[in-house]
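*Asks:* Below is query_21.csv; it holds CSV, C-alpha atoms.
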```csv
chain,number,residue,atom,x,y,z
A,576,MET,CA,-36.8,-41.8,-10.6
A,577,SER,CA,-36.0,-40.9,-14.2
A,578,ASP,CA,-32.8,-39.3,-15.4
A,579,ASP,CA,-34.5,-36.0,-16.3
A,580,ASN,CA,-35.5,-35.4,-12.7
A,581,GLY,CA,-32.0,-35.7,-11.4
A,582,LEU,CA,-30.4,-33.2,-13.8
A,583,TRP,CA,-31.6,-30.2,-11.7
A,584,LEU,CA,-29.8,-31.7,-8.8
A,585,LEU,CA,-26.6,-31.9,-10.8
A,586,ALA,CA,-27.0,-28.3,-12.0
A,587,LEU,CA,-27.6,-27.1,-8.4
A,588,GLY,CA,-24.0,-27.9,-7.3
A,589,PRO,CA,-22.1,-25.6,-9.7
A,590,THR,CA,-24.9,-23.0,-9.5
A,591,GLY,CA,-24.8,-23.0,-5.7
A,592,ALA,CA,-21.0,-22.8,-5.7
A,593,ALA,CA,-21.0,-19.8,-8.1
A,594,ALA,CA,-23.6,-18.1,-6.0
A,595,LEU,CA,-21.6,-18.7,-2.8
A,596,TYR,CA,-18.4,-17.4,-4.4
A,597,TRP,CA,-20.2,-14.3,-5.6
A,598,ALA,CA,-21.7,-13.6,-2.2
A,599,ILE,CA,-18.4,-14.0,-0.4
A,600,TYR,CA,-16.7,-11.9,-3.0
A,601,ARG,CA,-19.2,-9.1,-2.6
A,602,TYR,CA,-19.1,-9.3,1.2
A,603,TYR,CA,-15.4,-9.0,1.5
A,604,ARG,CA,-14.7,-6.6,-1.4
A,605,ASN,CA,-17.6,-4.2,-0.8
A,606,THR,CA,-17.4,-3.2,-4.4
A,607,ASP,CA,-20.7,-1.3,-4.3
A,608,LYS,CA,-19.8,0.5,-1.1
A,609,SER,CA,-16.1,1.4,-1.6
A,610,HIS,CA,-14.8,4.9,-2.0
A,611,ALA,CA,-14.3,6.0,-5.6
A,612,PHE,CA,-11.3,8.3,-5.3
A,613,GLU,CA,-11.4,9.4,-9.0
A,614,ARG,CA,-15.1,10.5,-8.7
A,615,GLU,CA,-15.4,11.7,-5.1
A,616,THR,CA,-12.1,13.5,-4.5
A,617,ASP,CA,-11.4,17.0,-5.8
A,618,VAL,CA,-7.6,17.4,-6.4
A,619,ALA,CA,-6.6,20.9,-7.2
A,620,ALA,CA,-3.3,21.0,-9.1
A,621,LYS,CA,-1.0,23.9,-8.4
A,622,PRO,CA,2.2,24.9,-10.2
A,623,VAL,CA,5.5,23.6,-8.8
A,624,THR,CA,7.3,26.1,-6.7
A,625,GLY,CA,10.9,26.1,-5.6
A,626,SER,CA,14.2,26.2,-7.2
A,627,ASP,CA,16.9,23.7,-8.3
A,628,ARG,CA,20.5,24.6,-7.3
A,629,LYS,CA,23.5,22.5,-8.1
A,630,VAL,CA,25.4,21.7,-4.9
A,631,ASP,CA,28.1,19.2,-5.8
A,632,GLU,CA,29.2,16.9,-8.6
A,633,VAL,CA,30.5,13.4,-8.1
A,634,LYS,CA,31.9,11.5,-11.1
A,635,GLY,CA,32.6,7.8,-10.8
A,636,THR,CA,32.6,6.0,-7.5
A,637,GLN,CA,35.7,7.4,-5.9
A,638,ARG,CA,33.9,8.8,-2.9
A,639,THR,CA,32.4,6.1,-0.8
A,640,ARG,CA,31.1,8.4,2.0
A,641,ILE,CA,28.9,11.4,2.1
A,642,ASP,CA,30.5,14.5,3.7
A,643,GLY,CA,29.1,15.1,7.2
A,644,ASP,CA,27.6,11.7,7.7
A,645,ASN,CA,27.1,10.4,11.2
A,646,VAL,CA,27.1,6.6,10.6
A,647,ARG,CA,29.7,5.8,13.3
A,648,ALA,CA,28.4,8.4,15.8
A,649,TYR,CA,25.4,6.5,16.9
A,650,ARG,CA,25.0,8.4,20.1
A,651,GLN,CA,24.3,11.6,18.1
A,652,ARG,CA,21.9,9.8,15.8
A,653,VAL,CA,19.9,8.0,18.5
A,654,GLY,CA,18.7,10.3,21.3
A,655,ARG,CA,17.7,8.9,24.6
A,656,ILE,CA,14.1,9.5,25.8
A,657,HIS,CA,14.1,11.1,29.2
A,658,ASP,CA,11.0,10.6,31.4
A,659,ALA,CA,9.9,13.0,34.1
A,660,SER,CA,11.4,10.9,36.9
A,661,ASP,CA,15.0,11.5,35.8
```
For the structure just supplied, provide its representation as structure tokens.

*Replies:*
Amino acid sequence: MSDDNGLWLLALGPTGAAALYWAIYRYYRNTDKSHAFERETDVAAKPVTGSDRKVDEVKGTQRTRIDGDNVRAYRQRVGRIHDASD
């Protein structure tokens, strides 16, 4: 067997690896079948509605709590789920 006949076998390894990688990539990515949001979705922009109203102003870090918080009143925050048998 001459050296020229064995070169195709050496080239078959990297070529086969590249083909297998490409096949697995195409199978898992589905790049040809995926949804193209920019082309297939119509987004209608509307003007922003509403109003901004200043409620309060806090300067510095003097206040460590928010007025009306319920951090320590966990029974008010977490309600029980009552089933029909109760």

*Asks:* Please compute the atom CA of A:Tyr600-atom CA of A:Leu585 distance, one decimal, in Å.

*Replies:*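 So the two atoms, atom CA of A:Tyr600 and atom CA of A:Leu585, lie 23.6 Å apart.
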
*Asks:* Report the distance between atom CA of A:Glu632 and atom CA of A:Arg647 in Å, rounded to one decimal place.

*Replies:*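 Interatomic distance, atom CA of A:Glu632 to atom CA of A:Arg647: 24.6 Å.
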
*Asks:* What does the structure give for the distance between atom CA of A:Asp642 and atom CA of A:Val630, in Å to one decimal?

*Replies:*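 Atom-to-atom, atom CA of A:Asp642 and atom CA of A:Val630 are spaced 12.3 Å apart.
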
*Asks:* Output stretch 628-651 of chain A as a PDB file, keeping the file's coordinate frame, making sure N, CA, C and O atoms are there.

*Replies:*
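Below is the file part.pdb, written as the result:
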```
ATOM      1  N   ARG A 628      19.150  23.992  -7.406  1.00  0.00           N
ATOM      2  CA  ARG A 628      20.500  24.600  -7.300  1.00  0.00           C
ATOM      3  C   ARG A 628      21.480  23.459  -7.233  1.00  0.00           C
ATOM      4  O   ARG A 628      21.330  22.545  -6.420  1.00  0.00           O
ATOM      5  N   LYS A 629      22.469  23.500  -8.088  1.00  0.00           N
ATOM      6  CA  LYS A 629      23.500  22.500  -8.100  1.00  0.00           C
ATOM      7  C   LYS A 629      24.402  22.648  -6.903  1.00  0.00           C
ATOM      8  O   LYS A 629      24.949  23.717  -6.679  1.00  0.00           O
ATOM      9  N   VAL A 630      24.566  21.591  -6.118  1.00  0.00           N
ATOM     10  CA  VAL A 630      25.400  21.700  -4.900  1.00  0.00           C
ATOM     11  C   VAL A 630      26.746  21.088  -5.122  1.00  0.00           C
ATOM     12  O   VAL A 630      27.741  21.693  -4.774  1.00  0.00           O
ATOM     13  N   ASP A 631      26.798  19.915  -5.711  1.00  0.00           N
ATOM     14  CA  ASP A 631      28.100  19.200  -5.800  1.00  0.00           C
ATOM     15  C   ASP A 631      27.999  18.293  -7.032  1.00  0.00           C
ATOM     16  O   ASP A 631      26.921  17.994  -7.525  1.00  0.00           O
ATOM     17  N   GLU A 632      29.122  17.852  -7.492  1.00  0.00           N
ATOM     18  CA  GLU A 632      29.200  16.900  -8.600  1.00  0.00           C
ATOM     19  C   GLU A 632      30.144  15.810  -8.252  1.00  0.00           C
ATOM     20  O   GLU A 632      31.286  16.084  -7.879  1.00  0.00           O
ATOM     21  N   VAL A 633      29.677  14.579  -8.353  1.00  0.00           N
ATOM     22  CA  VAL A 633      30.500  13.400  -8.100  1.00  0.00           C
ATOM     23  C   VAL A 633      30.554  12.594  -9.358  1.00  0.00           C
ATOM     24  O   VAL A 633      29.521  12.166  -9.855  1.00  0.00           O
ATOM     25  N   LYS A 634      31.747  12.363  -9.887  1.00  0.00           N
ATOM     26  CA  LYS A 634      31.900  11.500 -11.100  1.00  0.00           C
ATOM     27  C   LYS A 634      32.563  10.246 -10.688  1.00  0.00           C
ATOM     28  O   LYS A 634      33.582  10.256 -10.010  1.00  0.00           O
ATOM     29  N   GLY A 635      32.016   9.148 -11.150  1.00  0.00           N
ATOM     30  CA  GLY A 635      32.600   7.800 -10.800  1.00  0.00           C
ATOM     31  C   GLY A 635      32.197   7.435  -9.410  1.00  0.00           C
ATOM     32  O   GLY A 635      31.293   7.972  -8.787  1.00  0.00           O
ATOM     33  N   THR A 636      32.914   6.474  -8.884  1.00  0.00           N
ATOM     34  CA  THR A 636      32.600   6.000  -7.500  1.00  0.00           C
ATOM     35  C   THR A 636      33.844   6.099  -6.645  1.00  0.00           C
ATOM     36  O   THR A 636      34.188   5.196  -5.905  1.00  0.00           O
ATOM     37  N   GLN A 637      34.540   7.221  -6.730  1.00  0.00           N
ATOM     38  CA  GLN A 637      35.700   7.400  -5.900  1.00  0.00           C
ATOM     39  C   GLN A 637      35.370   7.687  -4.463  1.00  0.00           C
ATOM     40  O   GLN A 637      36.030   7.205  -3.557  1.00  0.00           O
ATOM     41  N   ARG A 638      34.332   8.482  -4.253  1.00  0.00           N
ATOM     42  CA  ARG A 638      33.900   8.800  -2.900  1.00  0.00           C
ATOM     43  C   ARG A 638      32.966   7.755  -2.383  1.00  0.00           C
ATOM     44  O   ARG A 638      31.920   7.540  -2.976  1.00  0.00           O
ATOM     45  N   THR A 639      33.297   7.091  -1.307  1.00  0.00           N
ATOM     46  CA  THR A 639      32.400   6.100  -0.800  1.00  0.00           C
ATOM     47  C   THR A 639      31.571   6.596   0.393  1.00  0.00           C
ATOM     48  O   THR A 639      30.686   5.893   0.871  1.00  0.00           O
ATOM     49  N   ARG A 640      31.831   7.794   0.850  1.00  0.00           N
ATOM     50  CA  ARG A 640      31.100   8.400   2.000  1.00  0.00           C
ATOM     51  C   ARG A 640      30.535   9.717   1.606  1.00  0.00           C
ATOM     52  O   ARG A 640      31.034  10.394   0.718  1.00  0.00           O
ATOM     53  N   ILE A 641      29.528  10.138   2.323  1.00  0.00           N
ATOM     54  CA  ILE A 641      28.900  11.400   2.100  1.00  0.00           C
ATOM     55  C   ILE A 641      29.535  12.373   3.180  1.00  0.00           C
ATOM     56  O   ILE A 641      29.687  12.002   4.348  1.00  0.00           O
ATOM     57  N   ASP A 642      29.884  13.587   2.769  1.00  0.00           N
ATOM     58  CA  ASP A 642      30.500  14.500   3.700  1.00  0.00           C
ATOM     59  C   ASP A 642      29.470  14.850   4.824  1.00  0.00           C
ATOM     60  O   ASP A 642      28.301  15.147   4.584  1.00  0.00           O
ATOM     61  N   GLY A 643      29.929  14.763   6.051  1.00  0.00           N
ATOM     62  CA  GLY A 643      29.100  15.100   7.200  1.00  0.00           C
ATOM     63  C   GLY A 643      28.196  13.971   7.674  1.00  0.00           C
ATOM     64  O   GLY A 643      27.279  14.210   8.449  1.00  0.00           O
ATOM     65  N   ASP A 644      28.421  12.740   7.218  1.00  0.00           N
ATOM     66  CA  ASP A 644      27.600  11.700   7.700  1.00  0.00           C
ATOM     67  C   ASP A 644      27.856  11.327   9.154  1.00  0.00           C
ATOM     68  O   ASP A 644      28.904  11.655   9.695  1.00  0.00           O
ATOM     69  N   ASN A 645      26.902  10.712   9.809  1.00  0.00           N
ATOM     70  CA  ASN A 645      27.100  10.400  11.200  1.00  0.00           C
ATOM     71  C   ASN A 645      26.811   8.883  11.433  1.00  0.00           C
ATOM     72  O   ASN A 645      26.199   8.477  12.407  1.00  0.00           O
ATOM     73  N   VAL A 646      27.306   8.065  10.525  1.00  0.00           N
ATOM     74  CA  VAL A 646      27.100   6.600  10.600  1.00  0.00           C
ATOM     75  C   VAL A 646      27.725   6.030  11.842  1.00  0.00           C
ATOM     76  O   VAL A 646      27.127   5.234  12.552  1.00  0.00           O
ATOM     77  N   ARG A 647      28.943   6.439  12.130  1.00  0.00           N
ATOM     78  CA  ARG A 647      29.700   5.800  13.300  1.00  0.00           C
ATOM     79  C   ARG A 647      29.364   6.556  14.587  1.00  0.00           C
ATOM     80  O   ARG A 647      29.695   6.046  15.638  1.00  0.00           O
ATOM     81  N   ALA A 648      28.762   7.705  14.550  1.00  0.00           N
ATOM     82  CA  ALA A 648      28.400   8.400  15.800  1.00  0.00           C
ATOM     83  C   ALA A 648      26.987   8.125  16.169  1.00  0.00           C
ATOM     84  O   ALA A 648      26.091   8.948  16.069  1.00  0.00           O
ATOM     85  N   TYR A 649      26.750   6.883  16.624  1.00  0.00           N
ATOM     86  CA  TYR A 649      25.400   6.500  16.900  1.00  0.00           C
ATOM     87  C   TYR A 649      24.759   7.196  18.071  1.00  0.00           C
ATOM     88  O   TYR A 649      23.556   7.321  18.142  1.00  0.00           O
ATOM     89  N   ARG A 650      25.547   7.696  18.986  1.00  0.00           N
ATOM     90  CA  ARG A 650      25.000   8.400  20.100  1.00  0.00           C
ATOM     91  C   ARG A 650      24.405   9.779  19.680  1.00  0.00           C
ATOM     92  O   ARG A 650      23.509  10.316  20.310  1.00  0.00           O
ATOM     93  N   GLN A 651      24.918  10.336  18.616  1.00  0.00           N
ATOM     94  CA  GLN A 651      24.300  11.600  18.100  1.00  0.00           C
ATOM     95  C   GLN A 651      23.069  11.269  17.281  1.00  0.00           C
ATOM     96  O   GLN A 651      22.138  12.046  17.278  1.00  0.00           O
TER      97      GLN A 651
END
```
